[in-house]
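Structure first, then comments.
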Amino acid sequence: MSQPTIESILQENRLFHPSAEFSQKAQIKSLDEYHRLYEQAKADPQAFWAHLAETELDWFQKWDTVLDWQPPFAKWFVNGKLNISYNCLDRHLTTWRRNKAALIWEGEPGDSRTLTYAQLHREVCQFANALKHLGVQKGDRVGIYMPMIPEAAIAMLACARIGAAHTVVFGGFSAEALRDRLVDGQARVVVTADGGWRKDAIVPLKEQVDKALADGSVPSVTNTLVVKRTGQETHMLGDRDHWWHDLQKQVSADCPAEPMDSEDLLFILYTSGSTGKPKGVVHTTGGYNLYTHITTKWIFDLQDTDVYWCTADVGWITGHSYIVYGPLSNGATTVMYEGAPRTSNPGCFWDVIEKHGVNVFYTAPTAIRAFIKMGDEHPKARNLSSLRLLGTVGEPINPEAWIWYQQVIGGGRCPIVDTWWQTETGGIMITALPGAIPTKPGSATLPFPGVLADIIDLEGKAVGANEGGYLAIRHPWPGMMRTVYGDPDRFRRTYWEHVPPKEGQYLYFAGDGARRDEDGYFWVMGRVDDVINVAGHRLGTMEIESALVSHPAVAEAAVVGKPDELKGQDIVAFVTLEGTYSPSDDLLKELKQHVVKEIGAIARPGEIRFADALPKTRSGKIMRRLLRDLASGVEISGDTSTLEDRSVLEKLRQG
Ligand code: PRX
């Protein structure tokens with residue numbers, strides 16, 4: 001099994017059609033219907049989105065303008081009033097869905113819990129009142145640092161209900177990374193748990209929160225709200241820390257949803273870029289609600305009786321949009337699983353599918369590759385016949401893994417939707433609609449209606465079929481990020497100025513390289529900037545470099561990605577040492593551990609290479625391109641004439 005190479009993908013031309021039975025029952029039933037929707041949306045995007053906003057969501061007050069576009073800043077459904085927690089909960093309570101399972105949760109040790117819409121609504125209202133009790137008000141920010149337990153979703157919905165913005169920090173991030181994000185977002189309260197289960201061990205989350213808040217380093221945080229999950233001894237600090245189960249006894253379950261403006265801040269989610277610290281991606285209420293709602297409905301082809309499972313963590317955008325908001329807004333049954341793929345239980349995902357009769361399953365290529373390695377006997381020993389649709393997200397999927405997924409998991413009968421999108425896009429942008437668009441292994445296929453995706457050169461000109469270029473979007477869409485929190489200039493520079501705007505025409509630059517084939521299908525090749533994708537986790541090389549140079553032994557560091565069979569990419573760091581230090585195995589271990597402490601285990605370098613010097617241009621810039629080739633063990637390609645000292649490269653090559 002290998003990563004997709006350009007050659008293997010160019011040769012990939014198998015076409016898979018959905019069965020007639022699938023198409024007949026699907027939300028979008030044919031390629032003609034898709035084309036009709038696409039052309040309609042392209043001709044009049046505002047009418048297209050306004051019609052959906054009107055028919056799919058509940059509003060407290062209708063908008064007066066569909067789109068106010070002052071490039072690159074967009075406002076959707078201006079002056080409309082709604083609440084996403086109302087759309088996800090309250091509006092289902094007056095229908096037959098009241099007692100339908102909203103959330104089915106499965107804990108890693110095998111405990112489980114089901115909450116109906118009525119029960120989830122009650123819990124959210126109580127949690128919202130607990131936040132209010134701690135002084136949280138509309139417009140405040142709340143940090144959420146949680147394991148994958150129902151309270152994570154409950155906390156998000158409770159924030160949305162009272163108009164506080166959440167900023168969820170993935171539970172795998174270190175105390176330092178958590179602190180940076182809480183400081184940037186100026187969070188008032190942190191919601192956490194004593195611990196969570198991850199790969200057979202307890203992750204002590206509250207302990208990390210204590211470290212992040214130590215010595216008043218996040219002055220904005222006045223309280224924490226702690227859910228008891230694992231039950232181990234946990235230190236609680238005087239007036240600052242509160243157990244959720246204690247507060248629960250003091251608050252009522254009556255909390256009407258606050259009418260929010262369409263453009264009120266819903267959440268901030270931090271993501272890595274090629275420069276500087278992670279940036280706070282800002283999403284607002286109305287456009288995000290609509291976009292996640294309609295993409296979930298059409299792409300996952302939701303039927304009333306479906307059990308839908310997305311395996312992401314709520315710490316990432318996939319968890320926000322496709323575990324919590326999109327499915328619940330549609331009144332679906334969404335599954336949440338605390339565990340991760342692990343060799344101690346190689347059938348863990350398949351057990352969840354069998355136990356809960358999952359119909360629609362959405363996961364990442366890196367998980368698929370891990371399960372391929374664990375062996376076909378595990379899925380084959382389970383009954384997976386409930387599955388009718390599969391999805392993938394987060395990185396390119398190699399055709400071999402696609403075919404395995406289709407055959408071994410999908411039994412050859414389930415369409416696969418390969419969904420391309422980003423934290424910044426809020427929801428899925430390029431994907432098959434499963435009853436309508438035939439699929440090709442390794443291609444995300446076609447843009448969602450209303451998404452004017454293109455492949456361009458750096459002048460903004462569309463390139464021809466099968467020519468590589470940059471993936472860009474030509475028109476604003478409701479789910480798009482609105483700005484970088486506290487830094488609108490960075491928003492403009494990062495996404496809208498790679499291609500200089502001409503005649504007021506702004507293009508959203510995604511940072512991915514891609515090509516489009518003769519059928520118009522998109523093939524996303526991966527990042528064109530200094531972002532690497534390790535096991536579906538997005539990391540900036542510069543963040544890891546900063547973590548390394550913050551260690552006293554390190555003089556300079558350069559980080560690159562190299563292809564990895566399982567994780568897609570792995571991290572390789574080239575490091576030069578300060579004069580008094582010399583390379584050793586102990587130092588190597590210490591540096592890896594240092595990165596884990598600064599960022600989290602997801603950023604642990606697979607390899608660290610000590611060097612006397614790094615290859616630089618005459619103007620002193622590190623030539624990462626050469627290091628990338630060296631790390632990948634391929635011939636150095638491209639021009640090396642700008643190298644200041646060629647012997648540096650020679651030495652590195654000799655190792
Ligand atoms: O490089 C693309 C890759 O993941 C990046 C976005 O990462 P993040 O913001 O963490 O969001 C991940 C989940 C939406 C993209 O720039 N990516 C995501 N989906 C795909 C993909 N690459 C290829 N194919 C995909 N389906």
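Note on naming: chains are A, B, ... as they come in the structure tokens, residues start from 1 per chain, ligands start from 1 in the order shown.
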For A:Val648: contacts at 9 Å, only C-alpha atoms, fewer than 4 positions along chain excluded, given as a list of chain:residue names: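 Near neighbours after the sequence-gap exclusion: A:Ala611, A:Asp612, A:Ala613, A:Leu614, A:Pro615, A:Lys616, A:Glu644, A:Leu652, A:Arg653.
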Output file for the selection above: C-alpha atoms, as a PDB file, in the first residue's frame:
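Result saved to out-v4.pdb:
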ATOM      1  CA  ALA A 611      23.282  18.800  11.102  1.00  0.00           C
ATOM      2  CA  ASP A 612      26.297  21.106  11.189  1.00  0.00           C
ATOM      3  CA  ALA A 613      24.518  23.645   9.027  1.00  0.00           C
ATOM      4  CA  LEU A 614      21.287  24.016   7.040  1.00  0.00           C
ATOM      5  CA  PRO A 615      21.183  24.722   3.311  1.00  0.00           C
ATOM      6  CA  LYS A 616      20.490  28.408   2.755  1.00  0.00           C
ATOM      7  CA  GLU A 644      25.218  29.733  -0.547  1.00  0.00           C
ATOM      8  CA  LEU A 652      23.541  16.355   4.801  1.00  0.00           C
ATOM      9  CA  ARG A 653      23.303  13.843   1.991  1.00  0.00           C
TER      10      ARG A 653
END
Protein and nucleic residues near ligand 1, 8 Å, only C-alpha atoms and all ligand atoms, as a PyMOL selection string: chain A and resi 271-272+316-318+392-397+418-424+427-428+430-431+442-444+510-512+523-527+533+536-538
File of the preceding selection, N, CA and C atoms, as a compact mmCIF listing (two decimals), in the first residue's frame:
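Below is the file selection-v1.txt, written as the result:
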# COMPACT_ATOMS: atom_id res chain seq x y z
N THR A 271 -6.37 27.02 13.69
CA THR A 271 -5.78 26.10 12.73
C THR A 271 -4.42 26.61 12.30
N SER A 272 -3.60 25.68 11.78
CA SER A 272 -2.22 26.02 11.44
C SER A 272 -2.11 26.58 10.05
N TRP A 316 -11.85 19.31 16.11
CA TRP A 316 -11.55 19.75 14.74
C TRP A 316 -12.83 20.23 14.07
N ILE A 317 -12.66 20.89 12.94
CA ILE A 317 -13.83 21.43 12.23
C ILE A 317 -14.79 20.30 11.81
N THR A 318 -14.25 19.14 11.47
CA THR A 318 -15.14 18.05 11.03
C THR A 318 -16.11 17.68 12.14
N THR A 392 -15.12 10.01 3.23
CA THR A 392 -13.76 10.23 3.71
C THR A 392 -13.42 11.72 3.67
N VAL A 393 -12.48 12.11 4.50
CA VAL A 393 -12.11 13.53 4.62
C VAL A 393 -10.72 13.68 5.23
N GLY A 394 -10.09 14.80 4.89
CA GLY A 394 -8.90 15.22 5.64
C GLY A 394 -7.61 15.18 4.87
N GLU A 395 -7.51 14.33 3.87
CA GLU A 395 -6.29 14.21 3.08
C GLU A 395 -6.65 13.42 1.83
N PRO A 396 -5.74 13.45 0.84
CA PRO A 396 -6.04 12.66 -0.35
C PRO A 396 -6.12 11.18 0.02
N ILE A 397 -7.03 10.45 -0.59
CA ILE A 397 -7.09 9.00 -0.33
C ILE A 397 -6.45 8.28 -1.51
N ASP A 418 -15.86 11.35 -1.24
CA ASP A 418 -14.55 11.87 -0.83
C ASP A 418 -14.72 13.38 -0.77
N THR A 419 -14.66 13.93 0.43
CA THR A 419 -15.08 15.32 0.63
C THR A 419 -13.88 16.22 0.87
N TRP A 420 -13.67 17.19 -0.01
CA TRP A 420 -12.58 18.15 0.18
C TRP A 420 -13.12 19.42 0.82
N TRP A 421 -12.50 19.86 1.88
CA TRP A 421 -12.83 21.15 2.49
C TRP A 421 -11.79 21.48 3.54
N GLN A 422 -12.02 22.54 4.30
CA GLN A 422 -11.03 23.04 5.25
C GLN A 422 -11.72 23.69 6.44
N THR A 423 -10.96 23.89 7.52
CA THR A 423 -11.47 24.63 8.68
C THR A 423 -12.08 25.96 8.20
N GLU A 424 -11.40 26.58 7.26
CA GLU A 424 -11.79 27.89 6.78
C GLU A 424 -13.09 27.88 5.98
N GLY A 427 -17.62 24.08 5.74
CA GLY A 427 -18.29 22.85 5.33
C GLY A 427 -17.67 22.33 4.05
N ILE A 428 -18.23 21.20 3.59
CA ILE A 428 -17.69 20.49 2.43
C ILE A 428 -17.88 21.31 1.15
N ILE A 430 -16.01 20.31 -2.19
CA ILE A 430 -15.93 19.48 -3.39
C ILE A 430 -16.19 18.05 -2.96
N THR A 431 -17.15 17.41 -3.61
CA THR A 431 -17.58 16.07 -3.16
C THR A 431 -18.55 15.47 -4.17
N GLY A 442 -9.96 8.30 -5.50
CA GLY A 442 -8.89 9.29 -5.35
C GLY A 442 -9.31 10.69 -5.77
N SER A 443 -10.53 10.82 -6.35
CA SER A 443 -10.99 12.15 -6.76
C SER A 443 -12.15 12.59 -5.87
N ALA A 444 -12.11 13.87 -5.46
CA ALA A 444 -13.24 14.41 -4.68
C ALA A 444 -14.41 14.76 -5.61
N ALA A 510 -6.95 28.46 -1.53
CA ALA A 510 -7.10 27.42 -0.50
C ALA A 510 -5.77 26.90 0.05
N GLY A 511 -4.69 27.08 -0.72
CA GLY A 511 -3.40 26.54 -0.26
C GLY A 511 -3.17 25.10 -0.67
N ASP A 512 -4.04 24.57 -1.55
CA ASP A 512 -3.87 23.20 -2.05
C ASP A 512 -3.55 23.22 -3.54
N TRP A 523 -8.91 16.60 -8.58
CA TRP A 523 -7.96 15.70 -7.92
C TRP A 523 -7.06 16.57 -7.05
N VAL A 524 -7.27 16.52 -5.75
CA VAL A 524 -6.51 17.38 -4.84
C VAL A 524 -5.21 16.67 -4.49
N MET A 525 -4.08 17.37 -4.70
CA MET A 525 -2.79 16.71 -4.51
C MET A 525 -2.18 16.97 -3.13
N GLY A 526 -2.57 18.04 -2.46
CA GLY A 526 -1.97 18.34 -1.15
C GLY A 526 -1.54 19.79 -1.08
N ARG A 527 -1.00 20.16 0.07
CA ARG A 527 -0.70 21.57 0.33
C ARG A 527 0.45 22.07 -0.53
N ASN A 533 0.33 17.58 6.67
CA ASN A 533 -0.88 16.89 7.08
C ASN A 533 -0.46 15.52 7.60
N GLY A 536 -3.99 13.17 9.01
CA GLY A 536 -5.18 14.01 8.91
C GLY A 536 -5.14 15.24 9.81
N HIS A 537 -4.06 15.41 10.58
CA HIS A 537 -3.94 16.60 11.43
C HIS A 537 -3.08 17.63 10.73
N ARG A 538 -3.58 18.84 10.75
CA ARG A 538 -2.91 19.91 10.02
C ARG A 538 -1.92 20.64 10.92
Those in stretch 558-632 of chain A with strand (DSSP E) from DSSP, as JSON, numbers by chain: {"A": [558, 559, 560, 561, 562, 563, 564, 568, 569, 570, 571, 572, 573, 574, 575, 576, 577, 607, 608, 609, 610]}
Written selection (N, CA and C atoms) as an mmCIF file, in the first residue's frame:
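So the final result, stored in out_16.cif, reads:
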data_model
loop_
_atom_site.group_PDB
_atom_site.id
_atom_site.type_symbol
_atom_site.label_atom_id
_atom_site.label_comp_id
_atom_site.auth_asym_id
_atom_site.auth_seq_id
_atom_site.Cartn_x
_atom_site.Cartn_y
_atom_site.Cartn_z
ATOM 1 N N ALA A 558 14.734 23.273 10.943
ATOM 2 C CA ALA A 558 13.896 23.332 9.733
ATOM 3 C C ALA A 558 13.076 22.057 9.688
ATOM 4 N N VAL A 559 11.776 22.203 9.520
ATOM 5 C CA VAL A 559 10.879 21.048 9.561
ATOM 6 C C VAL A 559 10.220 20.858 8.197
ATOM 7 N N VAL A 560 10.204 19.610 7.744
ATOM 8 C CA VAL A 560 9.532 19.307 6.476
ATOM 9 C C VAL A 560 8.696 18.041 6.642
ATOM 10 N N GLY A 561 7.845 17.778 5.660
ATOM 11 C CA GLY A 561 7.061 16.541 5.675
ATOM 12 C C GLY A 561 7.694 15.535 4.729
ATOM 13 N N LYS A 562 7.584 14.258 5.080
ATOM 14 C CA LYS A 562 7.973 13.223 4.105
ATOM 15 C C LYS A 562 6.830 12.223 3.997
ATOM 16 N N PRO A 563 6.681 11.597 2.828
ATOM 17 C CA PRO A 563 5.558 10.677 2.650
ATOM 18 C C PRO A 563 5.612 9.536 3.657
ATOM 19 N N ASP A 564 4.457 9.145 4.177
ATOM 20 C CA ASP A 564 4.392 8.041 5.138
ATOM 21 C C ASP A 564 3.215 7.149 4.773
ATOM 22 N N GLY A 568 0.144 9.342 5.901
ATOM 23 C CA GLY A 568 0.103 10.293 4.784
ATOM 24 C C GLY A 568 1.412 11.055 4.705
ATOM 25 N N GLN A 569 1.695 11.806 5.785
ATOM 26 C CA GLN A 569 2.992 12.484 5.884
ATOM 27 C C GLN A 569 3.522 12.305 7.296
ATOM 28 N N ASP A 570 4.856 12.349 7.431
ATOM 29 C CA ASP A 570 5.446 12.347 8.764
ATOM 30 C C ASP A 570 6.383 13.552 8.872
ATOM 31 N N ILE A 571 6.696 13.905 10.136
ATOM 32 C CA ILE A 571 7.478 15.117 10.382
ATOM 33 C C ILE A 571 8.963 14.781 10.466
ATOM 34 N N VAL A 572 9.782 15.477 9.676
ATOM 35 C CA VAL A 572 11.231 15.336 9.785
ATOM 36 C C VAL A 572 11.802 16.705 10.142
ATOM 37 N N ALA A 573 12.615 16.739 11.205
ATOM 38 C CA ALA A 573 13.213 18.009 11.625
ATOM 39 C C ALA A 573 14.724 17.951 11.439
ATOM 40 N N PHE A 574 15.286 18.966 10.800
ATOM 41 C CA PHE A 574 16.738 19.125 10.701
ATOM 42 C C PHE A 574 17.131 20.179 11.731
ATOM 43 N N VAL A 575 18.118 19.841 12.558
ATOM 44 C CA VAL A 575 18.410 20.696 13.702
ATOM 45 C C VAL A 575 19.905 20.964 13.788
ATOM 46 N N THR A 576 20.298 22.218 14.005
ATOM 47 C CA THR A 576 21.698 22.507 14.356
ATOM 48 C C THR A 576 21.719 22.885 15.834
ATOM 49 N N LEU A 577 22.844 22.537 16.491
ATOM 50 C CA LEU A 577 22.894 22.697 17.949
ATOM 51 C C LEU A 577 23.730 23.903 18.369
ATOM 52 N N GLU A 607 11.208 11.912 12.948
ATOM 53 C CA GLU A 607 12.653 11.831 12.777
ATOM 54 C C GLU A 607 13.270 13.188 13.074
ATOM 55 N N ILE A 608 14.401 13.163 13.799
ATOM 56 C CA ILE A 608 15.165 14.417 13.954
ATOM 57 C C ILE A 608 16.572 14.136 13.451
ATOM 58 N N ARG A 609 17.056 14.974 12.546
ATOM 59 C CA ARG A 609 18.427 14.788 12.040
ATOM 60 C C ARG A 609 19.288 15.954 12.496
ATOM 61 N N PHE A 610 20.403 15.623 13.160
ATOM 62 C CA PHE A 610 21.331 16.683 13.566
ATOM 63 C C PHE A 610 22.194 17.066 12.369
#
Every residue of stretch 391-502 of chain A that DSSP places in helix (DSSP H, G or I), as an MDAnalysis selection string: chainID A and resid 399:409 423:425 488:496
Nearest to A:Cys88 by atom-to-atom distance, counting only C-alpha atoms, from A:Leu643, A:Ala462, A:Ala453, A:Leu57: A:Leu57
Selection: 6 Å around stretch 258-269 of chain A, only C-alpha atoms, excl. self and same-chain fewer than 5 positions, as JSON, numbers by chain: {"A": [80, 81, 82, 83, 161, 162, 165, 166, 167, 280, 281, 282, 283, 284, 285, 286]}
Selected residue, from A:Gly633, A:Ala50, A:Lys206, A:Ile323, that lies nearest to A:Leu103 when counting only C-alpha atoms: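 Of A:Gly633, A:Ala50, A:Lys206, A:Ile323, the one nearest A:Leu103, counting only C-alpha atoms, is A:Ile323.
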I want to know what sits within 12 Å of A:Lys461, based on only C-alpha atoms, with residues of the same chain fewer than 6 positions away left out; could you give that as a compact mmCIF listing (two decimals) with N, CA and C atoms, in the first residue's frame?
# COMPACT_ATOMS: atom_id res chain seq x y z
N ASP A 454 -12.26 26.43 -8.87
CA ASP A 454 -11.50 26.50 -10.10
C ASP A 454 -10.05 26.12 -9.81
N ILE A 455 -9.32 25.81 -10.88
CA ILE A 455 -7.89 25.58 -10.71
C ILE A 455 -7.18 26.63 -11.55
N GLY A 469 -2.47 23.08 -10.91
CA GLY A 469 -2.56 24.49 -10.53
C GLY A 469 -2.98 24.62 -9.08
N TYR A 470 -3.49 25.79 -8.73
CA TYR A 470 -3.89 26.07 -7.36
C TYR A 470 -5.41 26.05 -7.25
N LEU A 471 -5.87 25.43 -6.17
CA LEU A 471 -7.31 25.35 -5.96
C LEU A 471 -7.82 26.68 -5.41
N ALA A 472 -8.85 27.23 -6.04
CA ALA A 472 -9.37 28.53 -5.62
C ALA A 472 -10.89 28.56 -5.75
N ARG A 474 -14.21 31.12 -6.51
CA ARG A 474 -14.44 32.42 -7.15
C ARG A 474 -15.58 33.25 -6.59
N VAL A 499 -3.25 35.71 -5.24
CA VAL A 499 -3.55 36.11 -6.61
C VAL A 499 -4.02 37.55 -6.50
N PRO A 500 -3.25 38.49 -7.06
CA PRO A 500 -3.65 39.89 -6.91
C PRO A 500 -5.04 40.13 -7.50
N PRO A 501 -5.96 40.70 -6.69
CA PRO A 501 -7.32 40.91 -7.18
C PRO A 501 -7.33 41.86 -8.39
N LYS A 502 -8.09 41.46 -9.40
CA LYS A 502 -8.20 42.31 -10.59
C LYS A 502 -9.64 42.77 -10.75
N GLN A 505 -12.25 41.58 -8.54
CA GLN A 505 -12.50 40.14 -8.48
C GLN A 505 -11.53 39.48 -7.50
N LEU A 507 -10.27 36.20 -5.26
CA LEU A 507 -10.31 34.74 -5.28
C LEU A 507 -9.86 34.20 -3.94
For stretch 219-226 of chain A: contacts at 6 Å, only C-alpha atoms, fewer than 6 positions along chain excluded, given as JSON, numbers by chain: {"A": [186, 187, 188, 189, 190, 191, 192, 193, 240, 241, 242, 243, 244]}
Print the selection's residues with N, CA and C atoms to a file, as a compact mmCIF listing (two decimals), in the first residue's frame.
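This is the output file again-v9.txt:
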# COMPACT_ATOMS: atom_id res chain seq x y z
N GLN A 186 -9.22 35.17 24.55
CA GLN A 186 -9.68 35.86 25.77
C GLN A 186 -10.88 35.14 26.40
N ALA A 187 -10.73 33.82 26.58
CA ALA A 187 -11.84 33.03 27.10
C ALA A 187 -12.14 33.41 28.54
N ARG A 188 -13.42 33.35 28.89
CA ARG A 188 -13.83 33.71 30.24
C ARG A 188 -13.92 32.47 31.14
N VAL A 189 -14.37 31.38 30.55
CA VAL A 189 -14.56 30.12 31.28
C VAL A 189 -13.94 29.00 30.45
N VAL A 190 -13.43 27.96 31.13
CA VAL A 190 -12.98 26.76 30.40
C VAL A 190 -13.83 25.58 30.86
N VAL A 191 -14.41 24.88 29.89
CA VAL A 191 -15.16 23.67 30.19
C VAL A 191 -14.24 22.49 29.91
N THR A 192 -14.10 21.59 30.89
CA THR A 192 -13.20 20.46 30.70
C THR A 192 -13.76 19.24 31.42
N ALA A 193 -12.94 18.18 31.53
CA ALA A 193 -13.34 16.98 32.26
C ALA A 193 -12.15 16.54 33.09
N ARG A 240 -12.47 28.90 41.90
CA ARG A 240 -12.32 28.89 40.44
C ARG A 240 -12.98 27.69 39.77
N ASP A 241 -12.81 26.50 40.36
CA ASP A 241 -13.22 25.26 39.68
C ASP A 241 -14.54 24.73 40.22
N HIS A 242 -15.41 24.33 39.31
CA HIS A 242 -16.71 23.78 39.71
C HIS A 242 -16.97 22.46 39.02
N TRP A 243 -17.45 21.48 39.79
CA TRP A 243 -17.90 20.23 39.16
C TRP A 243 -19.22 20.50 38.46
N TRP A 244 -19.34 19.98 37.26
CA TRP A 244 -20.60 20.14 36.51
C TRP A 244 -21.76 19.53 37.28
Near-stretch 73-76 of chain A list (8 Å; only C-alpha atoms; drop same-chain fewer than 2 positions) as a list in words: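 The neighbour list is Thr65, Val66, Leu67, Asp68, Trp69, Gln70, Pro71, Val78, Ser262, Glu263, Gly286, Gly287, Pro476, Pro478, Arg482 and Thr483 of chain A.
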For atom CA of A:Phe22 and atom CA of A:Leu89, the interatomic separation in Å (one decimal): 29.0 Å
Exercise: A:Leu157 partners within 9 Å, only C-alpha atoms, chain neighbours under 2 positions left out, as a PyMOL selection string: chain A and resi 84-85+88+124-125+127-128+152-155+159-162+324-325
Selection file, all heavy atoms, as a compact mmCIF listing (two decimals), in the first residue's frame:
# COMPACT_ATOMS: atom_id res chain seq x y z
N ILE A 84 -28.66 28.83 16.36
CA ILE A 84 -28.33 27.50 15.81
C ILE A 84 -28.72 26.39 16.79
O ILE A 84 -29.09 25.29 16.39
CB ILE A 84 -26.84 27.41 15.38
CG1 ILE A 84 -26.59 26.19 14.48
CG2 ILE A 84 -25.91 27.43 16.56
CD1 ILE A 84 -25.23 26.20 13.78
N SER A 85 -28.69 26.69 18.09
CA SER A 85 -29.10 25.68 19.06
C SER A 85 -30.62 25.44 18.96
O SER A 85 -31.10 24.31 19.10
CB SER A 85 -28.66 26.12 20.46
OG SER A 85 -29.58 25.78 21.44
N CYS A 88 -31.03 23.27 15.99
CA CYS A 88 -30.56 21.90 16.24
C CYS A 88 -31.44 21.16 17.23
O CYS A 88 -31.38 19.94 17.29
CB CYS A 88 -29.12 21.92 16.78
SG CYS A 88 -27.91 22.35 15.53
N VAL A 124 -28.79 20.67 27.42
CA VAL A 124 -28.18 21.89 26.87
C VAL A 124 -28.69 23.11 27.64
O VAL A 124 -27.91 24.01 27.99
CB VAL A 124 -28.47 22.00 25.35
CG1 VAL A 124 -28.11 23.39 24.82
CG2 VAL A 124 -27.70 20.93 24.59
N CYS A 125 -30.00 23.14 27.91
CA CYS A 125 -30.56 24.28 28.65
C CYS A 125 -29.91 24.38 30.03
O CYS A 125 -29.55 25.47 30.48
CB CYS A 125 -32.07 24.14 28.79
SG CYS A 125 -32.93 24.39 27.23
N PHE A 127 -26.96 23.22 30.99
CA PHE A 127 -25.55 23.61 30.84
C PHE A 127 -25.47 25.11 30.56
O PHE A 127 -24.60 25.81 31.08
CB PHE A 127 -24.92 22.82 29.69
CG PHE A 127 -23.49 22.43 29.95
CD1 PHE A 127 -23.17 21.16 30.37
CD2 PHE A 127 -22.45 23.33 29.74
CE1 PHE A 127 -21.86 20.78 30.60
CE2 PHE A 127 -21.14 22.98 29.97
CZ PHE A 127 -20.84 21.70 30.40
N ALA A 128 -26.39 25.60 29.73
CA ALA A 128 -26.41 27.03 29.40
C ALA A 128 -26.64 27.84 30.67
O ALA A 128 -25.98 28.87 30.90
CB ALA A 128 -27.50 27.30 28.37
N ALA A 152 -19.32 17.38 25.57
CA ALA A 152 -18.59 18.27 24.65
C ALA A 152 -19.59 18.93 23.70
O ALA A 152 -19.57 20.15 23.49
CB ALA A 152 -17.53 17.48 23.89
N ALA A 153 -20.47 18.12 23.13
CA ALA A 153 -21.48 18.66 22.22
C ALA A 153 -22.47 19.53 22.99
O ALA A 153 -22.91 20.59 22.51
CB ALA A 153 -22.23 17.52 21.52
N ILE A 154 -22.81 19.08 24.19
CA ILE A 154 -23.76 19.84 25.02
C ILE A 154 -23.20 21.22 25.33
O ILE A 154 -23.90 22.24 25.23
CB ILE A 154 -24.08 19.05 26.32
CG1 ILE A 154 -24.88 17.79 25.96
CG2 ILE A 154 -24.81 19.91 27.34
CD1 ILE A 154 -25.00 16.77 27.08
N ALA A 155 -21.90 21.28 25.67
CA ALA A 155 -21.28 22.57 25.98
C ALA A 155 -21.28 23.49 24.77
O ALA A 155 -21.55 24.69 24.88
CB ALA A 155 -19.85 22.34 26.48
N CYS A 159 -23.29 27.06 24.65
CA CYS A 159 -22.69 28.37 24.32
C CYS A 159 -23.52 29.06 23.25
O CYS A 159 -23.89 30.24 23.38
CB CYS A 159 -21.26 28.17 23.79
SG CYS A 159 -20.09 27.69 25.06
N ALA A 160 -23.80 28.31 22.18
CA ALA A 160 -24.55 28.88 21.06
C ALA A 160 -25.92 29.39 21.53
O ALA A 160 -26.42 30.40 21.05
CB ALA A 160 -24.71 27.84 19.96
N ARG A 161 -26.49 28.67 22.49
CA ARG A 161 -27.83 29.01 22.96
C ARG A 161 -27.87 30.38 23.63
O ARG A 161 -28.83 31.13 23.50
CB ARG A 161 -28.28 27.94 23.96
CG ARG A 161 -29.72 28.00 24.27
CD ARG A 161 -30.19 26.69 24.86
NE ARG A 161 -31.63 26.73 24.97
CZ ARG A 161 -32.45 26.35 24.01
NH1 ARG A 161 -31.98 25.89 22.88
NH2 ARG A 161 -33.75 26.45 24.18
N ILE A 162 -26.79 30.70 24.37
CA ILE A 162 -26.81 31.99 25.08
C ILE A 162 -25.98 33.05 24.35
O ILE A 162 -25.77 34.15 24.86
CB ILE A 162 -26.31 31.84 26.54
CG1 ILE A 162 -24.87 31.32 26.59
CG2 ILE A 162 -27.24 30.92 27.32
CD1 ILE A 162 -24.30 31.32 28.02
N VAL A 324 -21.80 17.59 15.19
CA VAL A 324 -22.74 18.36 16.00
C VAL A 324 -23.73 19.14 15.12
O VAL A 324 -24.90 18.74 14.99
CB VAL A 324 -21.99 19.31 16.97
CG1 VAL A 324 -22.98 20.09 17.83
CG2 VAL A 324 -21.04 18.50 17.88
N TYR A 325 -23.29 20.24 14.53
CA TYR A 325 -24.27 21.18 13.97
C TYR A 325 -25.04 20.67 12.74
O TYR A 325 -26.27 20.79 12.70
CB TYR A 325 -23.58 22.52 13.66
CG TYR A 325 -23.17 23.26 14.92
CD1 TYR A 325 -21.84 23.56 15.20
CD2 TYR A 325 -24.13 23.64 15.86
CE1 TYR A 325 -21.47 24.24 16.36
CE2 TYR A 325 -23.77 24.31 17.02
CZ TYR A 325 -22.45 24.60 17.27
OH TYR A 325 -22.09 25.27 18.42
